[in-house]
>>> print(open('upload06.cif').read())   # mmCIF, C-alpha atoms
data_data
loop_
_atom_site.label_atom_id
_atom_site.label_comp_id
_atom_site.auth_asym_id
_atom_site.auth_seq_id
_atom_site.Cartn_x
_atom_site.Cartn_y
_atom_site.Cartn_z
CA MET A 96 168.87 110.71 97.94
CA GLN A 97 168.57 109.22 101.39
CA GLY A 98 166.47 106.15 102.08
CA LEU A 99 164.95 104.28 104.99
CA ASP A 100 164.99 100.54 105.40
CA LEU A 101 161.47 99.35 104.65
CA LEU A 102 159.84 97.20 107.30
CA ASP A 103 157.66 94.64 105.58
CA SER A 104 154.07 95.30 106.69
CA ARG A 105 152.83 91.92 105.50
CA SER A 106 153.55 90.16 108.78
CA ASP A 107 152.40 90.71 112.33
CA LEU A 108 155.73 91.80 113.74
CA ILE A 109 157.07 93.58 110.65
CA PRO A 110 160.49 91.98 110.15
CA GLN A 111 163.34 93.95 108.61
CA SER A 112 163.55 93.94 104.82
CA CYS A 113 166.38 94.75 102.46
CA LYS A 114 164.18 97.24 100.59
CA THR A 115 164.58 100.99 101.00
CA ILE A 116 162.21 103.91 100.60
CA ASP A 117 163.45 107.33 99.60
CA VAL A 118 162.85 110.04 102.18
CA PRO A 119 163.66 113.39 100.57
CA HIS A 120 164.15 116.68 102.40
CA LEU A 121 165.58 115.13 105.56
CA SER A 122 168.86 116.38 106.97
CA GLY A 123 171.56 113.85 107.69
CA ASN A 124 171.06 114.03 111.45
CA LEU A 125 167.28 113.77 111.22
CA TYR A 126 167.54 110.85 108.84
CA ALA A 127 169.92 109.03 111.18
CA ILE A 128 167.57 109.55 114.13
CA LEU A 129 164.58 108.40 112.10
CA GLN A 130 166.37 105.30 110.86
CA GLN A 131 167.44 104.43 114.39
CA GLU A 132 163.91 104.85 115.75
CA VAL A 133 162.48 102.61 113.03
CA ASP A 134 165.11 99.93 113.66
CA LEU A 135 164.67 100.04 117.43
CA GLY A 136 160.90 100.07 117.11
CA GLY A 137 160.99 96.92 115.00
CA GLN A 138 163.28 95.24 117.50
CA ALA A 139 161.00 96.26 120.37
CA LEU A 140 158.02 94.68 118.61
CA LYS A 141 159.92 91.44 118.14
CA ARG A 142 160.78 91.44 121.85
CA GLU A 143 157.13 92.32 122.62
CA SER A 144 158.27 95.48 124.40
CA ALA A 145 155.03 97.20 123.49
CA ASP A 146 155.45 100.48 125.37
CA MET A 147 158.91 101.02 123.88
CA ALA A 148 157.66 100.21 120.37
CA VAL A 149 154.80 102.71 120.76
CA THR A 150 157.17 105.45 121.90
CA LEU A 151 159.63 104.87 119.07
CA PHE A 152 157.08 104.61 116.27
CA GLN A 153 155.18 107.65 117.55
CA SER A 154 158.39 109.64 117.53
CA ALA A 155 159.36 108.45 114.04
CA LEU A 156 155.90 109.18 112.66
CA GLN A 157 156.06 112.79 113.86
CA LYS A 158 159.13 113.31 111.66
CA LEU A 159 157.34 112.36 108.43
CA THR A 160 154.50 113.86 106.42
CA ILE A 161 151.62 111.97 104.80
CA ASP A 162 153.02 112.43 101.30
CA GLN A 163 156.22 110.54 102.12
CA PRO A 164 156.18 106.86 101.07
CA PHE A 165 157.16 105.44 104.44
CA TYR A 166 154.36 107.17 106.35
CA ASP A 167 151.66 104.48 106.04
CA HIS A 168 154.09 101.72 107.02
CA LEU A 169 154.89 103.55 110.23
CA VAL A 170 151.17 104.00 110.92
CA HIS A 171 150.72 100.25 110.52
CA ASN A 172 153.66 99.51 112.81
CA LEU A 173 152.27 101.90 115.41
CA LEU A 174 148.90 100.14 115.25
CA LEU A 175 150.57 96.78 115.87
CA SER A 176 152.39 98.33 118.82
CA TYR A 177 149.13 99.67 120.25
CA LYS A 178 147.52 96.26 119.77
CA LEU A 179 150.29 94.49 121.67
CA LEU A 180 150.23 97.08 124.45
CA ILE A 181 146.44 96.87 124.80
CA GLU A 182 146.61 93.08 125.07
CA LYS A 183 149.22 93.35 127.83
CA LEU A 184 147.24 95.98 129.73
CA LEU A 185 144.04 93.94 129.58
CA LYS A 186 145.91 90.88 130.80
CA LYS A 187 147.07 92.92 133.80
CA GLY A 188 143.53 94.16 134.40
CA ASP A 189 144.31 97.79 133.55
CA ARG A 190 141.20 98.44 131.46
CA SER A 191 141.30 102.22 131.81
CA MET A 192 144.75 102.53 130.26
CA ALA A 193 143.88 99.96 127.60
CA LEU A 194 140.89 102.06 126.54
CA ASP A 195 143.07 105.17 126.34
CA PHE A 196 145.35 103.42 123.87
CA LEU A 197 142.35 102.05 121.98
CA ARG A 198 141.16 105.61 121.38
CA ALA A 199 144.60 106.48 120.03
CA ALA A 200 144.58 103.41 117.78
CA LEU A 201 141.14 104.25 116.37
CA ARG A 202 142.46 107.64 115.24
CA LEU A 203 145.05 106.03 112.97
CA GLU A 204 144.37 106.27 109.24
CA ILE A 205 146.04 105.07 106.05
CA ARG A 206 146.13 108.25 104.00
CA GLY A 207 149.36 108.06 102.03
CA ASP A 208 150.60 106.02 99.08
CA MET A 209 149.25 102.75 100.49
CA ALA A 210 145.65 104.00 100.65
CA GLY A 211 144.97 102.32 97.30
CA ASP A 212 146.72 99.04 98.12
CA SER A 213 143.99 96.50 98.97
CA THR A 214 146.43 93.97 100.43
CA PHE A 215 147.91 96.57 102.76
CA LEU A 216 144.46 97.82 103.78
CA ARG A 217 143.25 94.28 104.46
CA ARG A 218 146.14 93.69 106.85
CA PHE A 219 145.62 97.06 108.52
CA ALA A 220 141.94 96.21 109.00
CA GLY A 221 142.96 92.77 110.24
CA ALA A 222 144.77 94.32 113.19
CA PHE A 223 141.51 95.99 114.24
CA GLN A 224 139.66 92.70 113.78
CA SER A 225 142.16 91.06 116.12
CA LEU A 226 141.62 93.85 118.63
CA ALA A 227 137.86 93.37 118.34
CA ILE A 228 138.27 89.72 119.31
CA VAL A 229 140.53 90.64 122.23
CA PHE A 230 137.95 93.08 123.61
CA PHE A 231 135.12 90.61 122.99
CA GLN A 232 136.97 87.95 124.97
CA ASN A 233 137.40 90.45 127.81
CA ASN A 234 133.65 91.24 127.86
CA LEU A 235 134.28 94.75 126.53
CA ASN A 236 131.66 94.45 123.84
CA GLU A 237 131.16 98.16 123.14
CA GLU A 238 134.87 98.45 122.38
CA SER A 239 134.69 95.33 120.24
CA VAL A 240 131.98 97.00 118.14
CA LEU A 241 134.18 100.09 117.70
CA CYS A 242 137.06 97.96 116.44
CA CYS A 243 134.81 96.02 114.07
CA ARG A 244 133.39 99.23 112.64
CA LYS A 245 136.87 100.65 112.19
CA ALA A 246 137.94 97.48 110.38
CA THR A 247 134.96 97.54 108.00
CA SER A 248 135.57 101.22 107.25
CA VAL A 249 139.15 100.38 106.24
CA TYR A 250 138.48 97.15 104.35
CA PRO A 251 134.96 95.65 104.35
CA GLY A 252 135.88 91.98 104.09
CA PRO A 253 133.40 89.15 104.80
CA GLY A 254 135.04 88.26 108.11
CA SER A 255 134.47 91.80 109.33
CA TYR A 256 130.71 91.34 109.21
CA VAL A 257 130.86 88.07 111.15
CA ASN A 258 132.68 89.73 114.04
CA LEU A 259 130.51 92.84 113.84
CA THR A 260 127.32 90.77 114.04
CA ASN A 261 128.61 88.90 117.09
CA SER A 262 129.65 92.12 118.83
CA LEU A 263 126.37 93.87 118.07
CA SER A 264 124.42 90.91 119.39
CA ALA A 265 126.43 90.94 122.61
CA THR A 266 125.71 94.63 123.17
CA GLY A 267 122.09 94.55 122.00
CA GLN A 268 122.83 97.37 119.57
CA ARG A 269 121.29 97.72 116.15
CA ALA A 270 123.45 97.86 113.06
CA LYS A 271 123.91 101.15 111.22
CA LEU A 272 123.62 101.70 107.48
CA SER A 273 127.28 102.77 107.47
CA ASP A 274 128.23 99.31 108.79
CA PHE A 275 127.35 97.86 105.40
CA THR A 276 127.77 100.62 102.84
CA THR A 277 128.88 104.21 102.42
CA GLN A 278 127.55 104.43 98.87
CA ILE A 279 124.02 105.34 99.92
CA THR A 280 122.58 107.69 102.54
CA PRO A 281 119.56 107.03 104.78
CA GLU A 282 117.59 109.54 102.71
CA GLN A 283 118.22 107.48 99.57
CA LEU A 284 116.97 104.21 101.04
CA GLY A 285 113.89 102.67 99.50
CA ARG A 286 111.04 101.07 101.43
CA HIS A 287 111.29 97.34 102.03
CA LEU A 288 108.75 94.73 103.06
CA PHE A 289 110.37 91.47 104.13
CA ILE A 290 108.42 88.24 104.70
CA ALA A 291 110.38 85.68 106.75
CA CYS A 292 108.42 82.46 106.47
CA VAL A 293 108.39 78.68 106.42
CA PRO A 294 107.58 76.66 103.29
CA LYS A 295 103.95 75.95 102.39
CA SER A 296 102.61 78.81 104.50
CA ALA A 297 100.85 80.81 101.75
CA SER A 298 103.77 83.23 101.83
CA THR A 299 104.00 83.40 98.03
CA PHE A 300 100.35 84.46 97.89
CA LEU A 301 101.02 87.16 100.50
CA LYS A 302 104.10 88.38 98.65
CA ASN A 303 102.25 88.60 95.31
CA LEU A 304 99.39 90.42 97.01
CA LEU A 305 101.77 92.99 98.50
CA VAL A 306 103.57 93.48 95.18
CA ASN A 307 100.24 94.14 93.43
CA LEU A 308 98.96 96.47 96.15
CA THR A 309 102.13 98.53 96.59
CA GLY A 310 103.73 98.41 93.16
CA TYR A 311 107.01 97.57 94.85
CA ARG A 312 109.57 95.40 93.08
CA ASP A 313 109.67 91.66 93.80
CA LEU A 314 113.21 91.03 95.11
CA PHE A 315 114.88 87.74 96.10
CA THR A 316 117.97 88.50 98.21
CA VAL A 317 119.81 85.18 98.48
CA TYR A 318 123.10 84.01 97.00
CA ALA A 319 121.60 80.70 95.87
CA ALA A 320 118.42 78.93 96.91
CA GLY A 321 118.65 75.18 96.31
CA GLN A 322 118.62 73.32 99.61
CA ASN A 323 120.01 76.27 101.56
CA GLU A 324 118.13 78.38 104.04
CA HIS A 325 117.36 81.73 102.41
CA GLU A 326 119.72 83.95 104.39
CA ILE A 327 119.86 87.57 103.23
CA TYR A 328 122.73 88.16 100.81
CA LEU A 329 124.35 91.52 101.55
CA PRO A 330 125.65 92.36 98.03
CA THR A 331 122.14 92.00 96.56
CA LEU A 332 120.66 94.05 99.38
CA ARG A 333 123.19 96.82 98.79
CA GLU A 334 122.59 96.84 95.03
CA PHE A 335 118.84 97.37 95.36
CA ALA A 336 118.78 99.35 98.61
CA ASP A 337 117.45 102.47 96.89
CA LEU A 338 114.38 100.69 95.46
CA ASP A 339 111.02 99.90 97.06
CA THR A 340 110.89 96.11 97.35
CA VAL A 341 108.92 93.14 98.65
CA THR A 342 110.93 90.06 99.61
CA GLN A 343 109.71 86.60 100.61
CA GLN A 344 112.31 84.15 101.89
CA HIS A 345 112.37 80.96 103.94
CA CYS A 346 114.61 82.14 106.77
CA ARG A 347 114.68 82.84 110.47
CA ALA A 348 115.08 86.08 112.37
CA SER A 349 118.75 85.31 112.99
CA ASP A 350 121.04 88.03 114.31
CA ALA A 351 122.68 88.44 110.91
CA ASN A 352 119.34 88.80 109.10
CA VAL A 353 117.89 91.18 111.68
CA HIS A 354 120.92 93.47 111.53
CA LEU A 355 120.59 93.69 107.76
#
>>> encode(input="upload06.cif", output="structure tokens")
Amino acid sequence: MQGLDLLDSRSDLIPQSCKTIDVPHLSGNLYAILQQEVDLGGQALKRESADMAVTLFQSALQKLTIDQPFYDHLVHNLLLSYKLLIEKLLKKGDRSMALDFLRAALRLEIRGDMAGDSTFLRRFAGAFQSLAIVFFQNNLNEESVLCCRKATSVYPGPGSYVNLTNSLSATGQRAKLSDFTTQITPEQLGRHLFIACVPKSASTFLKNLLVNLTGYRDLFTVYAAGQNEHEIYLPTLREFADLDTVTQQHCRASDANVHL
């Protein structure tokens, strides 16, 4: 059975590895072409020849199907090629072309064997996080939001929410429920009363009054109180999002809290 040299997707430029992946059902000529395109694409990335890398990985990807083991690795390599090309285009001031390639990058999905590999998904999402920062630094905040949302949809790591909050604040947009969870729909959301207050302001009295009047659950949504400011803790908020709650916390209307 024929095999392709596996490019290691754990690094930014995907160096060559001695591993191989079986690629059944390919003719000898097609396999040779595919192997050559993968090799040349990897070399182009190392040389930072972004347009050549994009062309080669696009061509190689068209020769594989989703069920073949190498497919997701090629998708990742193509994303890195898009990222490099977008950075070069923005540096030259060609925003229109950069946005065209961004749209192509946002259509990429991990749908093959690596879809259940959290390490692989984290690195795939990381490429979109890097793109989000690039667009943010170029004052393209709407595009930065798109990249952040793509990253969180692939792998919702803590860093994703930091960048998303910054990008949303820069655009003046409100966060969406889907930015934080896909496990609950807007129709399933409970009703929430949130009291942001300072200490010794009769806020506990107000909270208890609201709990008694409404019958809502008393909910404290912080990771740990102690001497910390009571910032909203997303995992707790997600867990009880379907309940009617009253929350009283010593916090400010920071961007992160408001978006939640």
>>> closest_residue(input="upload06.cif", among="A:Cys243, A:Cys346, A:Ala210, A:Met192", to="His168 of chain A", atoms="all atoms listed in the file")
A:Ala210
>>> resolve_selection(input="upload06.cif", expression="the PyMOL selection byres ((chain A and resi 255) around 9)", output="list in words")
Ala220, Gly221, Gln224, Cys243, Arg244, Ala246, Thr247, Tyr250, Pro251, Gly252, Pro253, Gly254, Tyr256, Val257, Asn258, Leu259 and Thr260 of chain A
>>> write_last_selection(input="upload06.cif", atoms="C-alpha atoms", output="PDB file, in the frame of the given file")
ATOM      1  CA  ALA A 220     141.940  96.210 109.000  1.00  0.00           C
ATOM      2  CA  GLY A 221     142.960  92.770 110.240  1.00  0.00           C
ATOM      3  CA  GLN A 224     139.660  92.700 113.780  1.00  0.00           C
ATOM      4  CA  CYS A 243     134.810  96.020 114.070  1.00  0.00           C
ATOM      5  CA  ARG A 244     133.390  99.230 112.640  1.00  0.00           C
ATOM      6  CA  ALA A 246     137.940  97.480 110.380  1.00  0.00           C
ATOM      7  CA  THR A 247     134.960  97.540 108.000  1.00  0.00           C
ATOM      8  CA  TYR A 250     138.480  97.150 104.350  1.00  0.00           C
ATOM      9  CA  PRO A 251     134.960  95.650 104.350  1.00  0.00           C
ATOM     10  CA  GLY A 252     135.880  91.980 104.090  1.00  0.00           C
ATOM     11  CA  PRO A 253     133.400  89.150 104.800  1.00  0.00           C
ATOM     12  CA  GLY A 254     135.040  88.260 108.110  1.00  0.00           C
ATOM     13  CA  TYR A 256     130.710  91.340 109.210  1.00  0.00           C
ATOM     14  CA  VAL A 257     130.860  88.070 111.150  1.00  0.00           C
ATOM     15  CA  ASN A 258     132.680  89.730 114.040  1.00  0.00           C
ATOM     16  CA  LEU A 259     130.510  92.840 113.840  1.00  0.00           C
ATOM     17  CA  THR A 260     127.320  90.770 114.040  1.00  0.00           C
TER      18      THR A 260
END
>>> atom_distance(input="upload06.cif", atom1="atom CA of Leu135 of chain A", atom2="atom CA of Gln153 of chain A")
12.2 Å
>>> resolve_selection(input="upload06.cif", expression="the PyMOL selection byres ((chain A and resi 228-239) around 8)", output="list in words")
Glu182, Leu185, Gln224, Ser225, Leu226, Ala227, Val240, Leu241, Cys242, Cys243, Asn258, Ser262, Leu263, Ala265 and Thr266 of chain A
>>> residues_near_point(input="upload06.cif", point="(147.5, 96.7, 110.9)", cutoff="6 Å", atoms="all atoms listed in the file", output="MDAnalysis selection string")
chainID A and resid 171 174:175 218:220 222
>>> write_last_selection(input="upload06.cif", atoms="C-alpha atoms", output="PDB file, in the frame of the given file")
ATOM      1  CA  HIS A 171     150.720 100.250 110.520  1.00  0.00           C
ATOM      2  CA  LEU A 174     148.900 100.140 115.250  1.00  0.00           C
ATOM      3  CA  LEU A 175     150.570  96.780 115.870  1.00  0.00           C
ATOM      4  CA  ARG A 218     146.140  93.690 106.850  1.00  0.00           C
ATOM      5  CA  PHE A 219     145.620  97.060 108.520  1.00  0.00           C
ATOM      6  CA  ALA A 220     141.940  96.210 109.000  1.00  0.00           C
ATOM      7  CA  ALA A 222     144.770  94.320 113.190  1.00  0.00           C
TER       8      ALA A 222
END
>>> resolve_selection(input="upload06.cif", expression="the PyMOL selection byres ((chain A and resi 203) around 10)", output="list in words")
Asp167, Val170, His171, Leu173, Leu174, Arg198, Ala199, Ala200, Leu201, Arg202, Glu204, Ile205, Arg206 and Lys245 of chain A
>>> residues_near_point(input="upload06.cif", point="(153.1, 107.7, 108.9)", cutoff="7 Å", atoms="all atoms listed in the file", output="list in words")
Leu156, Leu159, Thr160, Ile161, Phe165, Tyr166, Asp167, His168, Leu169 and Val170 of chain A
>>> write_last_selection(input="upload06.cif", atoms="C-alpha atoms", output="short mmCIF file (atom, residue, chain, number, x, y, z; two decimals), in the frame of the given file")
data_model
loop_
_atom_site.label_atom_id
_atom_site.label_comp_id
_atom_site.auth_asym_id
_atom_site.auth_seq_id
_atom_site.Cartn_x
_atom_site.Cartn_y
_atom_site.Cartn_z
CA LEU A 156 155.90 109.18 112.66
CA LEU A 159 157.34 112.36 108.43
CA THR A 160 154.50 113.86 106.42
CA ILE A 161 151.62 111.97 104.80
CA PHE A 165 157.16 105.44 104.44
CA TYR A 166 154.36 107.17 106.35
CA ASP A 167 151.66 104.48 106.04
CA HIS A 168 154.09 101.72 107.02
CA LEU A 169 154.89 103.55 110.23
CA VAL A 170 151.17 104.00 110.92
#
>>> residues_around(input="upload06.cif", residues="segment 299-314 of chain A", least_positions_apart="5", cutoff="7 Å", atoms="only C-alpha atoms", output="VMD selection string")
chain A and resid 339 to 343
>>> atom_distance(input="upload06.cif", atom1="atom CA of Lys295 of chain A", atom2="atom CA of Ala319 of chain A")
19.4 Å
>>> atom_distance(input="upload06.cif", atom1="atom CA of Gln268 of chain A", atom2="atom CA of Leu355 of chain A")
12.6 Å
>>> residues_around(input="upload06.cif", residues="Leu179 of chain A", least_positions_apart="3", cutoff="9 Å", atoms="only C-alpha atoms", output="count of residues only")
11
